[in-house]
>>> print(open('structure-v4.cif').read())   # mmCIF, C-alpha atoms
data_entry
#
loop_
_atom_site.label_atom_id
_atom_site.label_comp_id
_atom_site.auth_asym_id
_atom_site.auth_seq_id
_atom_site.Cartn_x
_atom_site.Cartn_y
_atom_site.Cartn_z
CA MET A 1 103.70 50.49 -8.54
CA PRO A 2 103.20 54.09 -9.57
CA LYS A 3 105.02 55.29 -12.64
CA PHE A 4 108.45 56.83 -12.43
CA SER A 5 107.30 59.86 -14.35
CA LYS A 6 104.72 60.79 -11.72
CA SER A 7 107.40 62.38 -9.59
CA PRO A 8 109.81 64.42 -11.73
CA TRP A 9 112.14 66.55 -9.63
CA VAL A 10 113.74 69.28 -11.71
CA MET A 11 117.10 70.89 -11.26
CA HIS A 12 117.42 74.21 -13.05
CA TYR A 13 120.85 75.43 -14.16
CA ASP A 14 121.49 78.77 -15.83
CA GLY A 15 124.29 78.37 -18.38
CA SER A 16 124.98 81.73 -19.99
CA SER A 17 121.35 82.71 -20.33
CA CYS A 18 120.24 86.34 -20.48
CA ASN A 19 117.72 85.41 -17.70
CA GLY A 20 114.80 85.65 -20.12
CA CYS A 21 114.29 81.88 -20.16
CA ASP A 22 115.00 81.63 -16.40
CA ILE A 23 112.15 83.99 -15.67
CA GLU A 24 109.87 81.91 -17.89
CA VAL A 25 110.99 78.73 -16.09
CA LEU A 26 110.05 80.29 -12.77
CA ALA A 27 106.81 81.55 -14.32
CA SER A 28 105.89 77.90 -14.95
CA LEU A 29 105.78 77.45 -11.17
CA THR A 30 103.43 80.38 -10.56
CA PRO A 31 99.65 80.03 -10.01
CA LEU A 32 98.87 80.67 -13.70
CA TYR A 33 100.82 77.65 -15.02
CA ASP A 34 101.46 75.70 -11.78
CA ILE A 35 103.74 72.94 -13.04
CA GLU A 36 103.59 71.28 -9.59
CA ARG A 37 100.30 69.79 -10.86
CA PHE A 38 102.49 67.14 -12.51
CA GLY A 39 104.38 66.53 -9.26
CA VAL A 40 107.32 68.67 -10.38
CA VAL A 41 109.52 69.85 -7.56
CA ASN A 42 112.11 72.53 -8.21
CA THR A 43 115.13 71.22 -6.34
CA GLY A 44 118.60 72.70 -6.07
CA ASP A 45 120.31 69.37 -5.47
CA PRO A 46 121.55 67.19 -8.37
CA ARG A 47 121.45 64.12 -6.09
CA HIS A 48 117.66 64.48 -5.80
CA ALA A 49 116.96 65.53 -9.38
CA ASP A 50 115.50 63.48 -12.25
CA ILE A 51 115.47 66.21 -14.89
CA LEU A 52 118.27 68.67 -15.59
CA LEU A 53 116.80 71.81 -17.13
CA ILE A 54 119.40 74.10 -18.67
CA THR A 55 118.89 77.59 -20.03
CA GLY A 56 121.50 79.46 -22.07
CA GLY A 57 124.46 78.21 -24.07
CA ILE A 58 127.59 76.51 -22.77
CA ASN A 59 130.70 78.64 -22.37
CA TYR A 60 134.24 77.56 -21.56
CA HIS A 61 133.83 78.48 -17.89
CA ASN A 62 130.66 76.52 -17.09
CA GLU A 63 131.40 73.50 -19.29
CA SER A 64 132.99 71.54 -16.42
CA VAL A 65 130.22 72.66 -14.03
CA VAL A 66 127.48 71.36 -16.31
CA ARG A 67 129.31 68.09 -16.78
CA GLN A 68 129.77 67.72 -13.02
CA ILE A 69 126.10 68.41 -12.25
CA PHE A 70 125.11 65.85 -14.87
CA GLU A 71 127.45 63.25 -13.38
CA GLN A 72 126.16 63.89 -9.87
CA MET A 73 122.60 63.00 -10.87
CA PRO A 74 121.51 59.40 -10.23
CA GLU A 75 120.08 57.31 -13.11
CA PRO A 76 117.61 57.49 -14.78
CA LYS A 77 118.01 61.15 -15.74
CA VAL A 78 116.83 63.40 -18.54
CA VAL A 79 118.27 66.66 -19.87
CA VAL A 80 116.01 69.40 -21.22
CA ALA A 81 117.55 72.34 -23.09
CA VAL A 82 115.26 75.38 -22.74
CA GLY A 83 115.54 78.31 -25.15
CA ILE A 84 117.32 78.63 -28.45
CA CYS A 85 120.68 79.40 -26.79
CA ALA A 86 120.57 76.10 -24.90
CA CYS A 87 119.50 74.30 -28.10
CA SER A 88 122.16 75.65 -30.45
CA GLY A 89 123.93 78.65 -28.96
CA GLY A 90 121.39 81.05 -30.52
CA VAL A 91 122.57 84.52 -31.44
CA PHE A 92 125.67 83.99 -29.29
CA ARG A 93 126.87 80.91 -31.16
CA ASP A 94 129.73 82.73 -32.91
CA CYS A 95 130.97 84.50 -29.79
CA TYR A 96 134.57 83.70 -28.83
CA ASN A 97 133.57 82.45 -25.36
CA ILE A 98 130.57 80.31 -26.37
CA LYS A 99 131.01 76.64 -27.10
CA GLY A 100 127.47 76.17 -28.43
CA GLY A 101 124.32 74.43 -27.25
CA VAL A 102 124.06 72.09 -24.26
CA ASP A 103 124.51 69.05 -26.52
CA THR A 104 128.15 70.04 -27.11
CA THR A 105 128.84 68.98 -23.50
CA ILE A 106 126.21 66.48 -22.32
CA PRO A 107 123.53 64.43 -24.14
CA VAL A 108 120.25 66.35 -24.48
CA ASP A 109 116.90 64.51 -24.63
CA VAL A 110 114.40 67.30 -25.23
CA TYR A 111 114.91 70.63 -27.03
CA VAL A 112 112.56 73.51 -26.20
CA PRO A 113 113.09 76.35 -28.72
CA GLY A 114 112.06 79.96 -28.28
CA CYS A 115 113.53 83.31 -27.31
CA ALA A 116 112.50 83.40 -24.60
CA ALA A 117 110.79 79.98 -24.45
CA ARG A 118 107.15 80.44 -23.40
CA PRO A 119 105.97 78.76 -20.19
CA GLU A 120 103.53 76.72 -22.31
CA SER A 121 106.36 75.28 -24.40
CA ILE A 122 108.51 74.68 -21.30
CA ILE A 123 105.66 72.66 -19.76
CA ASP A 124 105.23 70.87 -23.08
CA GLY A 125 108.95 70.03 -23.12
CA LEU A 126 108.84 68.78 -19.54
CA VAL A 127 105.85 66.54 -20.29
CA GLN A 128 107.81 65.12 -23.24
CA ALA A 129 110.76 64.64 -20.87
CA LEU A 130 108.48 62.53 -18.64
CA ASP A 131 108.02 60.04 -21.49
CA VAL A 132 111.78 59.86 -21.99
CA LEU A 133 112.23 59.37 -18.24
CA GLU A 134 109.74 56.52 -18.28
CA LYS A 135 111.51 54.84 -21.21
CA LYS A 136 114.91 55.23 -19.57
CA SER A 137 113.68 53.82 -16.25
CA ALA A 138 112.17 50.82 -18.06
CA ALA A 139 115.44 50.33 -19.94
CA SER A 140 117.58 50.56 -16.78
CA ALA A 141 115.21 48.18 -14.95
CA ALA A 142 115.56 45.66 -17.79
CA LEU A 143 119.33 46.16 -17.73
CA SER A 144 119.65 45.57 -13.99
CA GLU A 145 117.36 42.55 -14.28
CA GLY A 146 119.62 41.16 -16.99
CA GLU A 147 122.67 41.83 -14.79
CA SER A 148 121.17 39.99 -11.82
CA ASN A 149 120.18 37.10 -14.08
CA ALA A 150 123.73 36.97 -15.42
CA GLN A 151 125.09 36.92 -11.87
CA GLN A 152 122.78 34.09 -10.91
CA SER A 153 123.74 31.95 -13.91
CA MET B 1 93.74 43.67 28.71
CA ILE B 2 95.58 46.98 28.75
CA TYR B 3 98.76 45.20 27.57
CA LEU B 4 96.89 43.88 24.54
CA TYR B 5 95.71 47.41 23.68
CA ARG B 6 99.23 48.78 24.11
CA THR B 7 100.70 46.11 21.85
CA LEU B 8 98.01 46.69 19.24
CA SER B 9 98.61 50.44 19.42
CA MET B 10 102.35 49.94 18.83
CA LEU B 11 101.65 47.62 15.94
CA ALA B 12 99.13 50.04 14.44
CA TYR B 13 101.73 52.82 14.63
CA VAL B 14 104.44 50.81 12.88
CA LEU B 15 102.07 49.72 10.09
CA LEU B 16 99.82 52.74 9.63
CA ALA B 17 102.05 55.73 10.47
CA PRO B 18 103.62 55.81 6.95
CA LEU B 19 100.14 55.92 5.42
CA VAL B 20 98.93 58.67 7.77
CA GLY B 21 102.24 60.56 7.50
CA GLY B 22 102.27 60.39 3.71
CA PHE B 23 98.66 61.46 3.51
CA LEU B 24 99.38 64.42 5.82
CA ALA B 25 102.38 65.36 3.65
CA GLY B 26 100.12 65.28 0.58
CA LEU B 27 97.54 67.38 2.38
CA ASP B 28 100.31 69.80 3.33
CA ARG B 29 101.38 70.28 -0.30
CA LYS B 30 97.79 70.60 -1.51
CA LEU B 31 96.92 73.06 1.26
CA SER B 32 100.11 75.07 0.64
CA ALA B 33 99.27 75.24 -3.07
CA ARG B 34 95.75 76.46 -2.33
CA MET B 35 97.11 79.10 0.06
CA GLN B 36 99.29 80.33 -2.83
CA GLY B 37 96.39 80.24 -5.30
CA ARG B 38 97.63 77.15 -7.16
CA MET B 39 96.08 73.78 -7.99
CA GLY B 40 98.86 71.78 -6.39
CA PRO B 41 99.96 68.18 -6.93
CA PRO B 42 97.70 65.14 -6.44
CA LEU B 43 96.96 64.19 -2.83
CA LEU B 44 98.98 60.99 -3.21
CA GLN B 45 102.04 62.80 -4.58
CA PRO B 46 104.29 61.99 -1.56
CA PHE B 47 103.68 58.27 -2.17
CA TYR B 48 104.66 58.66 -5.85
CA ASP B 49 107.80 60.49 -4.71
CA LEU B 50 108.68 57.77 -2.23
CA ALA B 51 108.13 54.98 -4.78
CA LYS B 52 110.38 56.82 -7.23
CA LEU B 53 113.13 57.39 -4.65
CA PHE B 54 113.17 53.69 -3.80
CA LYS B 55 113.60 52.85 -7.50
CA LYS B 56 116.35 55.37 -8.28
CA GLN B 57 120.04 54.68 -8.46
CA VAL B 58 121.88 55.21 -5.18
CA LEU B 59 125.05 57.25 -5.40
CA ALA B 60 126.44 56.56 -1.93
CA VAL B 61 129.25 58.92 -1.01
CA SER B 62 130.36 56.96 2.04
CA ARG B 63 129.99 53.31 2.98
CA TYR B 64 128.61 54.29 6.41
CA GLN B 65 125.82 56.39 4.94
CA PHE B 66 123.37 53.53 4.56
CA MET B 67 123.96 52.23 8.07
CA MET B 68 123.46 55.67 9.62
CA VAL B 69 120.29 56.43 7.67
CA ALA B 70 118.85 52.95 8.39
CA SER B 71 119.62 53.43 12.11
CA PHE B 72 117.93 56.83 11.99
CA LEU B 73 114.79 55.31 10.48
CA ALA B 74 114.79 52.39 12.93
CA MET B 75 115.24 54.67 15.95
CA VAL B 76 112.46 57.00 14.80
CA ILE B 77 110.12 54.02 14.40
CA GLY B 78 111.26 52.87 17.85
CA THR B 79 110.50 56.31 19.33
CA GLY B 80 106.97 56.31 17.98
CA ALA B 81 106.37 52.66 18.90
CA LEU B 82 107.44 53.32 22.50
CA PHE B 83 105.28 56.41 22.61
CA PHE B 84 102.17 54.75 21.21
CA GLY B 85 102.81 51.78 23.51
CA GLY B 86 102.34 54.21 26.39
CA PHE B 87 105.87 53.85 27.77
CA ASP B 88 107.90 56.29 29.82
CA LEU B 89 108.03 59.69 28.09
CA LEU B 90 111.63 60.25 29.17
CA LEU B 91 112.65 57.02 27.44
CA VAL B 92 110.73 58.08 24.32
CA PHE B 93 112.50 61.43 24.19
CA PHE B 94 115.95 59.94 24.73
CA VAL B 95 115.43 57.48 21.89
CA LEU B 96 114.27 60.41 19.72
CA THR B 97 117.49 62.29 20.51
CA THR B 98 119.56 59.23 19.59
CA ALA B 99 117.67 58.99 16.28
CA CYS B 100 118.46 62.63 15.51
CA MET B 101 122.14 62.03 16.29
CA PHE B 102 122.20 59.23 13.70
CA PHE B 103 120.71 61.67 11.18
CA VAL B 104 123.45 64.19 11.92
CA LEU B 105 126.11 61.47 11.63
CA ALA B 106 124.66 60.30 8.30
CA ALA B 107 125.24 63.81 6.95
CA THR B 108 128.71 64.33 8.44
CA VAL B 109 130.20 61.03 7.18
CA THR B 110 129.75 62.30 3.60
CA ASN B 111 132.37 65.06 4.07
CA SER B 112 130.26 67.29 1.84
CA PRO B 113 130.59 70.92 2.97
CA TYR B 114 126.87 71.57 2.40
CA ALA B 115 125.78 68.47 4.30
CA GLU B 116 128.19 69.27 7.12
CA LEU B 117 126.93 72.81 7.47
CA GLY B 118 123.39 71.42 7.41
CA ALA B 119 124.37 68.93 10.12
CA GLN B 120 125.75 71.74 12.28
CA ARG B 121 122.48 73.61 11.88
CA GLU B 122 120.61 70.42 12.74
CA LEU B 123 122.59 70.29 15.99
CA ILE B 124 121.67 73.91 16.73
CA GLN B 125 118.04 73.03 16.05
CA MET B 126 118.30 70.17 18.54
CA LEU B 127 119.89 72.55 21.04
CA SER B 128 116.89 74.86 20.55
CA TYR B 129 114.09 72.35 21.01
CA GLU B 130 115.53 69.80 23.47
CA PRO B 131 114.90 71.86 26.67
CA MET B 132 111.22 72.22 25.79
CA ILE B 133 110.91 68.50 25.00
CA LEU B 134 112.32 67.67 28.44
CA LEU B 135 110.05 70.21 30.14
CA THR B 136 107.09 68.52 28.42
CA ALA B 137 107.99 65.21 30.06
CA VAL B 138 108.42 66.94 33.43
CA GLY B 139 105.11 68.74 32.91
CA PHE B 140 103.27 65.46 32.35
CA TYR B 141 104.84 64.12 35.53
CA MET B 142 103.67 67.14 37.52
CA ALA B 143 100.17 67.00 36.00
CA ASN B 144 99.56 63.24 36.15
CA GLY B 145 102.07 62.06 38.75
CA SER B 146 103.67 59.73 36.21
CA PHE B 147 106.04 59.83 33.26
CA ARG B 148 104.19 57.01 31.54
CA GLY B 149 102.15 58.05 28.50
CA VAL B 150 99.49 55.41 29.14
CA ASP B 151 98.56 57.03 32.47
CA VAL B 152 96.78 59.94 30.75
CA PHE B 153 93.87 57.54 30.24
CA TYR B 154 93.38 57.38 34.03
CA THR B 155 93.15 61.13 34.57
CA ASP B 156 89.89 63.00 35.20
CA GLU B 157 90.78 65.99 33.09
CA PRO B 158 93.02 66.43 30.02
CA ALA B 159 96.58 67.58 30.70
CA ILE B 160 95.99 70.79 28.72
CA VAL B 161 94.00 72.16 31.71
CA ARG B 162 97.12 72.11 33.87
CA LEU B 163 99.73 72.53 31.15
CA PRO B 164 98.56 75.30 28.79
CA GLY B 165 101.96 77.01 28.92
CA VAL B 166 103.84 73.78 28.24
CA PHE B 167 101.51 73.13 25.31
CA LEU B 168 102.22 76.58 23.83
CA GLY B 169 105.96 76.06 24.26
CA LEU B 170 105.71 72.67 22.56
CA LEU B 171 103.73 74.21 19.68
CA PHE B 172 106.57 76.68 19.16
CA ILE B 173 109.30 74.03 18.95
CA LEU B 174 107.09 71.73 16.85
CA THR B 175 107.72 74.11 13.96
CA ILE B 176 111.41 73.27 14.29
CA LYS B 177 110.69 69.53 14.47
CA PHE B 178 108.33 69.57 11.48
CA ARG B 179 111.08 71.38 9.49
CA LYS B 180 108.76 74.25 8.68
CA SER B 181 109.57 77.87 7.92
CA PRO B 182 110.73 80.02 9.79
CA PHE B 183 112.84 77.28 11.43
CA ASP B 184 113.75 75.06 8.43
CA LEU B 185 117.43 75.89 8.73
CA SER B 186 119.10 72.52 8.35
CA THR B 187 117.04 71.42 5.34
CA SER B 188 113.93 72.72 3.68
CA HIS B 189 111.10 71.29 1.62
CA HIS B 190 111.11 74.43 -0.48
CA ALA B 191 113.20 74.87 -3.58
CA HIS B 192 115.80 77.48 -2.96
CA GLN B 193 118.08 77.57 -0.03
CA GLU B 194 121.63 78.67 0.53
CA LEU B 195 122.93 75.19 1.47
CA VAL B 196 121.71 73.22 -1.61
CA LYS B 197 119.59 70.81 0.49
CA GLY B 198 121.50 71.17 3.74
CA VAL B 199 121.66 68.03 5.82
CA THR B 200 120.05 65.86 3.10
CA THR B 201 122.31 67.11 0.25
CA GLU B 202 124.19 63.83 -0.28
CA PHE B 203 121.25 61.44 0.05
CA SER B 204 120.11 59.97 -3.25
CA GLY B 205 117.60 57.27 -4.13
CA VAL B 206 116.68 54.89 -1.34
CA LEU B 207 118.69 56.89 1.22
CA MET B 208 116.50 59.94 0.61
CA GLY B 209 113.46 57.64 0.58
CA MET B 210 114.30 56.39 4.05
CA VAL B 211 114.80 59.94 5.31
CA GLU B 212 111.36 60.90 3.94
CA LEU B 213 109.80 57.82 5.53
CA ALA B 214 111.42 58.62 8.87
CA HIS B 215 110.08 62.14 8.57
CA TRP B 216 106.53 60.79 8.15
CA TYR B 217 106.92 58.49 11.15
CA GLU B 218 108.29 61.39 13.17
CA ASN B 219 105.41 63.69 12.21
CA VAL B 220 102.82 61.13 13.32
CA PHE B 221 104.66 60.69 16.61
CA LEU B 222 104.80 64.46 17.18
CA LEU B 223 101.10 64.83 16.43
CA GLY B 224 100.52 62.00 18.90
CA LEU B 225 102.38 64.10 21.45
CA VAL B 226 99.94 66.95 20.74
CA ALA B 227 97.03 64.54 21.21
CA LEU B 228 98.44 63.44 24.58
CA PHE B 229 97.57 66.88 25.98
CA PHE B 230 93.88 66.38 25.24
CA VAL B 231 93.28 62.75 26.21
CA SER B 232 91.67 61.83 29.53
CA SER B 233 89.49 58.99 30.85
CA ALA B 234 86.39 60.57 29.23
CA TRP B 235 85.37 59.06 25.88
CA TRP B 236 84.88 62.44 24.17
CA SER B 237 88.47 63.44 24.85
CA GLY B 238 89.50 61.35 21.82
CA LEU B 239 87.44 63.57 19.53
CA LEU B 240 88.94 66.64 21.18
CA ALA B 241 92.43 65.25 20.56
CA VAL B 242 91.76 64.57 16.86
CA GLY B 243 90.36 68.09 16.44
CA ALA B 244 93.40 69.59 18.18
CA VAL B 245 95.82 67.59 16.02
CA LEU B 246 94.14 68.73 12.79
CA LEU B 247 94.11 72.34 13.98
CA VAL B 248 97.81 72.20 14.91
CA TRP B 249 98.67 70.69 11.49
CA PHE B 250 96.73 73.45 9.72
CA LEU B 251 98.49 76.12 11.80
CA GLU B 252 101.89 74.63 10.95
CA VAL B 253 101.13 74.77 7.21
CA LEU B 254 99.87 78.35 7.59
CA ILE B 255 103.01 79.44 9.48
CA ASP B 256 105.17 77.67 6.89
CA ASN B 257 103.53 79.63 4.09
CA THR B 258 103.53 83.02 5.76
CA SER B 259 106.97 83.33 7.26
CA ALA B 260 110.55 83.63 6.02
CA ARG B 261 113.50 81.67 7.37
CA VAL B 262 115.28 83.23 10.37
CA LYS B 263 118.94 83.11 11.37
CA TRP B 264 120.06 80.39 13.77
CA ASN B 265 120.77 82.72 16.68
CA HIS B 266 117.28 84.18 16.41
CA MET B 267 115.83 80.65 16.48
CA LEU B 268 117.91 79.62 19.49
CA ARG B 269 117.10 82.74 21.45
CA SER B 270 113.37 82.75 20.73
CA ALA B 271 113.01 78.99 21.38
CA TRP B 272 114.75 79.24 24.75
CA ILE B 273 112.81 82.36 25.77
CA VAL B 274 109.51 80.67 24.90
CA THR B 275 110.65 77.53 26.73
CA ALA B 276 111.57 79.49 29.85
CA VAL B 277 108.51 81.75 29.89
CA CYS B 278 105.74 79.38 28.74
CA GLY B 279 107.15 76.01 29.85
CA GLY B 280 109.10 77.10 32.92
CA GLY B 281 106.41 79.56 34.02
CA ASN B 282 103.72 76.91 33.74
CA LEU B 283 105.70 74.43 35.84
CA LEU B 284 106.46 77.13 38.43
CA VAL B 285 102.77 77.94 38.80
CA LEU B 286 101.93 74.22 39.10
CA GLU B 287 104.53 73.85 41.85
CA ILE B 288 103.25 76.91 43.74
CA ILE B 289 99.67 75.59 43.57
CA ARG B 290 100.86 72.20 44.82
CA MET B 291 102.67 73.82 47.77
CA LEU B 292 99.70 76.04 48.71
CA PHE B 293 96.96 73.40 48.55
#
>>> encode(input="structure-v4.cif", output="structure tokens")
Amino acid sequence: MPKFSKSPWVMHYDGSSCNGCDIEVLASLTPLYDIERFGVVNTGDPRHADILLITGGINYHNESVVRQIFEQMPEPKVVVAVGICACSGGVFRDCYNIKGGVDTTIPVDVYVPGCAARPESIIDGLVQALDVLEKKSAASAALSEGESNAQQS
Amino acid sequence: MIYLYRTLSMLAYVLLAPLVGGFLAGLDRKLSARMQGRMGPPLLQPFYDLAKLFKKQVLAVSRYQFMMVASFLAMVIGTGALFFGGFDLLLVFFVLTTACMFFVLAATVTNSPYAELGAQRELIQMLSYEPMILLTAVGFYMANGSFRGVDVFYTDEPAIVRLPGVFLGLLFILTIKFRKSPFDLSTSHHAHQELVKGVTTEFSGVLMGMVELAHWYENVFLLGLVALFFVSSAWWSGLLAVGAVLLVWFLEVLIDNTSARVKWNHMLRSAWIVTAVCGGGNLLVLEIIRMLF
């Protein structure tokens, strides 16, 4: 069977990003970087996605949205925070409306720093996310195997 | 002997169509990438995608979802099997329509607004292409004197000689059936669209995998329909058919990459005009010739 990580479908959500990182995310799909080489598909549907890629910090308005998108994704799933705002809140971290980085709301697996994060580092982060995805899928396979064994016995 | 060949052909379709369909899908993505100046994913990428979808968790929104999607897949396989078995074209097309209805139902049982809107668009797409599909069956009857697909092997000349207009009309609606731009209204293979993923929004894991698989089966069947126009009793007609199928596939990818999505009323209008002018006109001319000679 081919590996799980050979087909990562990415869902991109813009938290409260200034669009700098978003443009770099889209740049990763262009001919120069062509992230589809790794089988990455940019999908708009959480039900189809394996990787949730978030740019920008979390504010009190989009907190519930981010949580809902995360819950709508089927297991195994990986979260990648792109840009310093998504990692920690960045320069906006003390603003009255900003809660902080993505990890204040949902568990983050890979942090990609930068302002704006370069396409090279975004690709690097996604490739690291593939390893996490593979580990999680192995873990969930072992878990479901254990469950079925428990049911049988 | 002919029954043995027909059975073997059906069997070959059921077993090999996923391989051919998946390979064509991979070729599509590679070709699209090259047209955009990119490297593109590996040729076997659609198979990796399918394997992943079958392994992912299923978040079923409705208990009827699985039944509807499984029925859709089964009916699509049935459509292609009947077609490659050389059965009545009308029967083939009616089974195809039933399959599409199951697809629409699978989306509507979820109650998701995006999936429902996608399902409505899927119905409009069906409304657009169905007349041309029926005219194709009628055209084959007028050209060969029989609705049965297998009878093309007893004709002296390929059907394309008598049905060029019907073929053009079918080419036009094939873009709708292949879910290619400019007619990928109900769901699209490309990233951004206004309806999330339209009719497939609520399908996760194995549900989406079955939809993809059905899509591959359907594509092989549709390309078989293209080949039917070029097959005759002559041995070389097979080569002609393969060439035509590859050319049509390339054209579909080219159109997909060079056109933007249209509104539904534009699709409906243009599909019906093309059906009436190319398909209807062709049949009218055939009838006039038959009456004169």
>>> resolve_selection(input="structure-v4.cif", expression="the PyMOL selection byres ((chain B and resi 155) around 10)", output="PyMOL selection string")
chain B and resi 143-145+151-154+156-159+231-234
>>> closest_atom_pairs(input="structure-v4.cif", of="chain A", to="chain B", cutoff="12 Å", atoms="only C-alpha atoms", output="JSON lines")
{"residue": "A:Met1", "atom": "CA", "partner": "B:Ala51", "partner_atom": "CA", "distance": 7.3}
{"residue": "A:Pro2", "atom": "CA", "partner": "B:Tyr48", "partner_atom": "CA", "distance": 6.1}
{"residue": "A:Lys3", "atom": "CA", "partner": "B:Tyr48", "partner_atom": "CA", "distance": 7.6}
{"residue": "A:Phe4", "atom": "CA", "partner": "B:Lys52", "partner_atom": "CA", "distance": 5.5}
{"residue": "A:Ser5", "atom": "CA", "partner": "B:Lys52", "partner_atom": "CA", "distance": 8.3}
{"residue": "A:Lys6", "atom": "CA", "partner": "B:Tyr48", "partner_atom": "CA", "distance": 6.2}
{"residue": "A:Ser7", "atom": "CA", "partner": "B:Asp49", "partner_atom": "CA", "distance": 5.2}
{"residue": "A:Pro8", "atom": "CA", "partner": "B:Asp49", "partner_atom": "CA", "distance": 8.3}
{"residue": "A:Trp9", "atom": "CA", "partner": "B:Asp49", "partner_atom": "CA", "distance": 8.9}
{"residue": "A:Val10", "atom": "CA", "partner": "B:Ala191", "partner_atom": "CA", "distance": 9.9}
{"residue": "A:Met11", "atom": "CA", "partner": "B:Ala191", "partner_atom": "CA", "distance": 9.5}
{"residue": "A:His12", "atom": "CA", "partner": "B:Ala191", "partner_atom": "CA", "distance": 10.4}
{"residue": "A:Leu26", "atom": "CA", "partner": "B:Ala191", "partner_atom": "CA", "distance": 11.1}
{"residue": "A:Ser28", "atom": "CA", "partner": "B:Arg38", "partner_atom": "CA", "distance": 11.4}
{"residue": "A:Leu29", "atom": "CA", "partner": "B:Arg38", "partner_atom": "CA", "distance": 9.1}
{"residue": "A:Thr30", "atom": "CA", "partner": "B:Arg38", "partner_atom": "CA", "distance": 7.5}
{"residue": "A:Pro31", "atom": "CA", "partner": "B:Arg38", "partner_atom": "CA", "distance": 4.5}
{"residue": "A:Leu32", "atom": "CA", "partner": "B:Arg38", "partner_atom": "CA", "distance": 7.5}
{"residue": "A:Tyr33", "atom": "CA", "partner": "B:Arg38", "partner_atom": "CA", "distance": 8.5}
{"residue": "A:Asp34", "atom": "CA", "partner": "B:Arg38", "partner_atom": "CA", "distance": 6.2}
{"residue": "A:Ile35", "atom": "CA", "partner": "B:Gly40", "partner_atom": "CA", "distance": 8.3}
{"residue": "A:Glu36", "atom": "CA", "partner": "B:Pro41", "partner_atom": "CA", "distance": 5.5}
{"residue": "A:Arg37", "atom": "CA", "partner": "B:Pro41", "partner_atom": "CA", "distance": 4.3}
{"residue": "A:Phe38", "atom": "CA", "partner": "B:Pro41", "partner_atom": "CA", "distance": 6.2}
{"residue": "A:Gly39", "atom": "CA", "partner": "B:Pro41", "partner_atom": "CA", "distance": 5.3}
{"residue": "A:Val40", "atom": "CA", "partner": "B:Pro41", "partner_atom": "CA", "distance": 8.1}
{"residue": "A:Val41", "atom": "CA", "partner": "B:Ala191", "partner_atom": "CA", "distance": 7.4}
{"residue": "A:Asn42", "atom": "CA", "partner": "B:Ala191", "partner_atom": "CA", "distance": 5.3}
{"residue": "A:Thr43", "atom": "CA", "partner": "B:Ala191", "partner_atom": "CA", "distance": 5.0}
{"residue": "A:Gly44", "atom": "CA", "partner": "B:Val196", "partner_atom": "CA", "distance": 5.5}
{"residue": "A:Asp45", "atom": "CA", "partner": "B:Val196", "partner_atom": "CA", "distance": 5.6}
{"residue": "A:Pro46", "atom": "CA", "partner": "B:Thr201", "partner_atom": "CA", "distance": 8.7}
{"residue": "A:Arg47", "atom": "CA", "partner": "B:Ser204", "partner_atom": "CA", "distance": 5.2}
{"residue": "A:His48", "atom": "CA", "partner": "B:Ser204", "partner_atom": "CA", "distance": 5.7}
{"residue": "A:Ala49", "atom": "CA", "partner": "B:Ser204", "partner_atom": "CA", "distance": 8.9}
{"residue": "A:Asp50", "atom": "CA", "partner": "B:Lys56", "partner_atom": "CA", "distance": 9.1}
{"residue": "A:Glu71", "atom": "CA", "partner": "B:Leu59", "partner_atom": "CA", "distance": 10.3}
{"residue": "A:Gln72", "atom": "CA", "partner": "B:Leu59", "partner_atom": "CA", "distance": 8.1}
{"residue": "A:Met73", "atom": "CA", "partner": "B:Leu59", "partner_atom": "CA", "distance": 8.3}
{"residue": "A:Pro74", "atom": "CA", "partner": "B:Gln57", "partner_atom": "CA", "distance": 5.3}
{"residue": "A:Glu75", "atom": "CA", "partner": "B:Gln57", "partner_atom": "CA", "distance": 5.3}
{"residue": "A:Pro76", "atom": "CA", "partner": "B:Lys56", "partner_atom": "CA", "distance": 7.0}
{"residue": "A:Lys77", "atom": "CA", "partner": "B:Lys56", "partner_atom": "CA", "distance": 9.6}
{"residue": "A:Leu133", "atom": "CA", "partner": "B:Lys52", "partner_atom": "CA", "distance": 11.5}
{"residue": "A:Glu134", "atom": "CA", "partner": "B:Lys52", "partner_atom": "CA", "distance": 11.1}
{"residue": "A:Lys136", "atom": "CA", "partner": "B:Lys56", "partner_atom": "CA", "distance": 11.4}
{"residue": "A:Ser137", "atom": "CA", "partner": "B:Lys56", "partner_atom": "CA", "distance": 8.5}
{"residue": "A:Ala138", "atom": "CA", "partner": "B:Lys55", "partner_atom": "CA", "distance": 10.8}
{"residue": "A:Ser140", "atom": "CA", "partner": "B:Gln57", "partner_atom": "CA", "distance": 9.6}
{"residue": "A:Ala141", "atom": "CA", "partner": "B:Lys55", "partner_atom": "CA", "distance": 8.9}
{"residue": "A:Ser144", "atom": "CA", "partner": "B:Gln57", "partner_atom": "CA", "distance": 10.7}
>>> atom_distance(input="structure-v4.cif", atom1="CA of Val61 (chain B)", atom2="CA of Ala107 (chain B)")
10.2 Å
>>> residues_around(input="structure-v4.cif", residues="Tyr217 (chain B)", least_positions_apart="4", cutoff="7 Å", atoms="all atoms listed in the file", output="PyMOL selection string")
chain B and resi 17-18+21+76-77+213+221
>>> atom_distance(input="structure-v4.cif", atom1="CA of Ala276 (chain B)", atom2="CA of Gly165 (chain B)")
10.0 Å
>>> resolve_selection(input="structure-v4.cif", expression="the PyMOL selection byres ((chain B and resi 162) around 10)", output="ChimeraX atom specification")
/B:139-140,142-144,157-161,163-167,229,282-283,285-286
